[in-house]
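Heads up: the structure comes next, in structure tokens.
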Amino acid sequence: MTAPTRVRVGIIGGGLMGREAAAAFGRWAALVDHPARPELVAVADPAPAARAWFAEQGVATVHSHEELLERGDIEVVYAAVPHDLHEAVYLDVLAAGKDLFAEKPFGIDLDAARHIVDEVESSGRFVRCSSEMPFFPGAQVAIEHVRSGAVGQVIEVRSALLHSSDLSRTKPINWKRQRARCGDIGVMGDLGMHAVHVPFRLGWAPTSVRAILQDLMPTRPDASGHVVVCDTHENATLSCRVETDAGAFPLTVETKRVAPGQMNTWSLEVLGMEGGVAFSTRHPATVERFRVGAAGEQVWEQFQAGHASAFPTITGGIFEFGFTDALLQMWASYLAEREGRLGDAFGCATPREALASHELFAAALDSDANDRVTAVARPA
């Protein structure tokens, strides 16, 4: 194989996901024969503590994203900033002539998402949206099972990202729990792409939705212990209608921060006339398949999907796969596609899929507010 293409990356936002990206680059040697190799050049963040972490890793830091975008040695920018900053920062990245790997949900609301996607398409830059959970090996097996046609005519689909991070009423508030920073869509903006990425990629675009949104924690303490307003939806359950040539079926999308018993569970279940498949990160080595036996018996069977990833690693399928591995695989997918070398492998969420998620979430807000089924607008 030819030497991998060196890709110089800058990060805007030195919080948790910025640090996770840096860690993924540090583990890049674990990938076998990947066509690209990222090099983290600089990080921008106004917070001294965030910059200090990267400085300790030997990475150059700057205070503002404008300073970072002035650098001519950066080709790709990963932007991990609060939702209210997406529109301005993403457009600045595009205007600077950089490719972009952006955090969900591509803007604080539908109007911002439309503006971002319009600029992406007019810029000609390579842009994708972060969504790492479908890169678990078991998830990939489930996706390929559906693509093979093994389930037959689809009867129903369930897709979810559930955790219980907000179960404690004493947890201090942060920007993801404030509408001014994360938008009216609340938890859907934070977790929604995880739950819609695979259904959208499989061609299941909702035409209508009946949503129940829950604001379970109206107040929270701030960092000083004072009680402040917590004005976002923690939980969202979306019952969607999907139209196909074979007929309509229900798609249930769940995104929840208050899901007792769930720590951080991504799941997908597809049932069809010929079979079914289910995967959950709660049991990451196991995939379940449904079949009808020769005597008509209905059987759910479990098999070990193992840990072999879409982009091979030096460990092969031996050691257990986890979130950091999924993140590495997501970045491998992004950079392979940027190099034109993705082939048939699963790709990162596209700008159009990010926009479609906003169309769905906007309809969900209307549905919940007016207690009705709401049509989902389709992007122009």
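In the structure tokens, chains take letters A, B, ... by order of appearance, with residues numbered from 1 within each chain and ligands from 1 in the order shown.
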
Interface rows for region 81-174 of chain A against region 284-297 of chain A: nearest pair, Å to one decimal, 12 Å, only C-alpha atoms, as JSON lines:
{"residue": "A:Met133", "atom": "CA", "partner": "A:Pro284", "partner_atom": "CA", "distance": 10.9}
{"residue": "A:Pro134", "atom": "CA", "partner": "A:Pro284", "partner_atom": "CA", "distance": 11.5}
{"residue": "A:Phe135", "atom": "CA", "partner": "A:Pro284", "partner_atom": "CA", "distance": 11.3}
{"residue": "A:Phe136", "atom": "CA", "partner": "A:Pro284", "partner_atom": "CA", "distance": 7.6}
{"residue": "A:Pro137", "atom": "CA", "partner": "A:Ala285", "partner_atom": "CA", "distance": 7.9}
{"residue": "A:Gly138", "atom": "CA", "partner": "A:Val287", "partner_atom": "CA", "distance": 5.9}
{"residue": "A:Ala139", "atom": "CA", "partner": "A:Val287", "partner_atom": "CA", "distance": 8.1}
{"residue": "A:Gln140", "atom": "CA", "partner": "A:Val287", "partner_atom": "CA", "distance": 10.0}
{"residue": "A:Val141", "atom": "CA", "partner": "A:Val287", "partner_atom": "CA", "distance": 7.7}
{"residue": "A:Ala142", "atom": "CA", "partner": "A:Val287", "partner_atom": "CA", "distance": 7.1}
{"residue": "A:Ile143", "atom": "CA", "partner": "A:Val287", "partner_atom": "CA", "distance": 10.9}
{"residue": "A:Glu144", "atom": "CA", "partner": "A:Val287", "partner_atom": "CA", "distance": 11.9}
{"residue": "A:His145", "atom": "CA", "partner": "A:Arg289", "partner_atom": "CA", "distance": 9.0}
{"residue": "A:Val146", "atom": "CA", "partner": "A:Arg289", "partner_atom": "CA", "distance": 10.6}
{"residue": "A:Ala150", "atom": "CA", "partner": "A:Arg291", "partner_atom": "CA", "distance": 9.4}
{"residue": "A:Val151", "atom": "CA", "partner": "A:Phe290", "partner_atom": "CA", "distance": 8.5}
{"residue": "A:Gly152", "atom": "CA", "partner": "A:Arg291", "partner_atom": "CA", "distance": 11.0}

Within 7 Å of region 265-274 of chain A using only C-alpha atoms, minus same-chain residues under 6 positions, as a list in words: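 Once the nearby chain positions are removed, what remains is Met133, Ala150, Val151, Gly152, Gln153, Val154, Ile155, Glu156, Val157, Arg158, Ser159, Ala160, Leu161, Leu162, His163, Ser280, Thr281, Arg282 and Arg291 of chain A.
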
What does the file look like for those residues with C-alpha atoms, as a PDB file, in the first residue's frame?
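Resulting contents of part_20.pdb:
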ATOM      1  CA  MET A 133     -22.381   4.837  17.712  1.00  0.00           C
ATOM      2  CA  ALA A 150     -32.961 -10.610   4.845  1.00  0.00           C
ATOM      3  CA  VAL A 151     -35.740  -8.951   6.868  1.00  0.00           C
ATOM      4  CA  GLY A 152     -38.022  -8.635   3.837  1.00  0.00           C
ATOM      5  CA  GLN A 153     -40.789  -6.061   3.920  1.00  0.00           C
ATOM      6  CA  VAL A 154     -40.211  -3.857   6.965  1.00  0.00           C
ATOM      7  CA  ILE A 155     -42.931  -3.977   9.620  1.00  0.00           C
ATOM      8  CA  GLU A 156     -41.442  -1.646  12.218  1.00  0.00           C
ATOM      9  CA  VAL A 157     -38.173  -0.051  13.342  1.00  0.00           C
ATOM     10  CA  ARG A 158     -36.961   1.206  16.708  1.00  0.00           C
ATOM     11  CA  SER A 159     -33.839   3.311  17.143  1.00  0.00           C
ATOM     12  CA  ALA A 160     -32.688   4.915  20.376  1.00  0.00           C
ATOM     13  CA  LEU A 161     -29.965   6.591  22.387  1.00  0.00           C
ATOM     14  CA  LEU A 162     -30.764   6.328  26.084  1.00  0.00           C
ATOM     15  CA  HIS A 163     -28.859   7.316  29.173  1.00  0.00           C
ATOM     16  CA  SER A 280     -27.642  -2.787  21.565  1.00  0.00           C
ATOM     17  CA  THR A 281     -24.396  -1.398  22.937  1.00  0.00           C
ATOM     18  CA  ARG A 282     -25.571  -2.759  26.269  1.00  0.00           C
ATOM     19  CA  ARG A 291     -36.229 -16.021  11.761  1.00  0.00           C
TER      20      ARG A 291
END

Of the listed residues A:Val43, A:Ala30, A:Met263, A:Leu355, that which approaches Gly316 (chain A) most closely, counting only C-alpha atoms: A:Ala30

Coordinates-based distance that separates CA of Gly13 (chain A) from CA of Ala44 (chain A) (Å, one decimal):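 Interatomic distance here is 6.0 Å.
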
Strand (DSSP E) positions in region 230-275 of chain A, given as a list in words: Asn235, Ala236, Thr237, Leu238, Ser239, Cys240, Arg241, Val242, Phe249, Pro250, Leu251, Thr252, Val253, Glu254, Thr255, Lys256, Asn264, Thr265, Trp266, Ser267, Leu268, Glu269, Val270, Leu271 and Gly272 of chain A

Pick from A:Tyr78, A:Phe361, A:Phe200, A:Phe126, whichever lies nearest to Arg8 (chain A) using only C-alpha atoms: A:Tyr78

Residue contacts of Pro172 (chain A) (12 Å, only C-alpha atoms) excluding same-chain residues fewer than 6 positions away, as a PyMOL selection string: chain A and resi 165-166+178+217+219-230

Please identify all polymer residues within 8 Å of Thr350 (chain A), counting only C-alpha atoms, omitting same-chain residues fewer than 2 positions from it, and present them as a PDB file with N, CA and C atoms, in the first residue's frame.
ATOM      1  N   VAL A 127     -17.633  17.920   3.967  1.00  0.00           N
ATOM      2  CA  VAL A 127     -18.198  18.166   5.291  1.00  0.00           C
ATOM      3  C   VAL A 127     -19.024  16.952   5.719  1.00  0.00           C
ATOM      4  N   ARG A 128     -18.850  16.550   6.966  1.00  0.00           N
ATOM      5  CA  ARG A 128     -19.648  15.482   7.547  1.00  0.00           C
ATOM      6  C   ARG A 128     -19.986  15.828   8.992  1.00  0.00           C
ATOM      7  N   CYS A 129     -20.955  15.084   9.551  1.00  0.00           N
ATOM      8  CA  CYS A 129     -21.451  15.336  10.903  1.00  0.00           C
ATOM      9  C   CYS A 129     -21.090  14.162  11.814  1.00  0.00           C
ATOM     10  N   CYS A 348     -19.949   8.499   7.495  1.00  0.00           N
ATOM     11  CA  CYS A 348     -20.414   9.451   8.507  1.00  0.00           C
ATOM     12  C   CYS A 348     -21.676  10.162   8.026  1.00  0.00           C
ATOM     13  N   ARG A 352     -26.873  16.733   4.512  1.00  0.00           N
ATOM     14  CA  ARG A 352     -28.291  16.566   4.194  1.00  0.00           C
ATOM     15  C   ARG A 352     -29.010  15.731   5.253  1.00  0.00           C
ATOM     16  N   GLU A 353     -28.316  14.729   5.807  1.00  0.00           N
ATOM     17  CA  GLU A 353     -28.923  13.953   6.882  1.00  0.00           C
ATOM     18  C   GLU A 353     -29.059  14.793   8.148  1.00  0.00           C
ATOM     19  N   ALA A 354     -28.096  15.661   8.400  1.00  0.00           N
ATOM     20  CA  ALA A 354     -28.208  16.573   9.543  1.00  0.00           C
ATOM     21  C   ALA A 354     -29.401  17.501   9.366  1.00  0.00           C
TER      22      ALA A 354
END

Surrounding residues of Pro260 (chain A) excluding itself and chain neighbours under 2 positions, 8 Å, only C-alpha atoms, as a list in words: His163, Ser164, Leu167, Val258 and Gln262 of chain A

Export C-alpha atoms of the chosen residues as a compact mmCIF listing (two decimals), in the first residue's frame?
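This is the output file selection.txt:
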# COMPACT_ATOMS: atom_id res chain seq x y z
CA HIS A 163 -28.86 7.32 29.17
CA SER A 164 -29.55 8.42 32.72
CA LEU A 167 -31.56 11.24 36.71
CA VAL A 258 -33.60 10.31 31.98
CA GLN A 262 -29.55 2.93 30.98
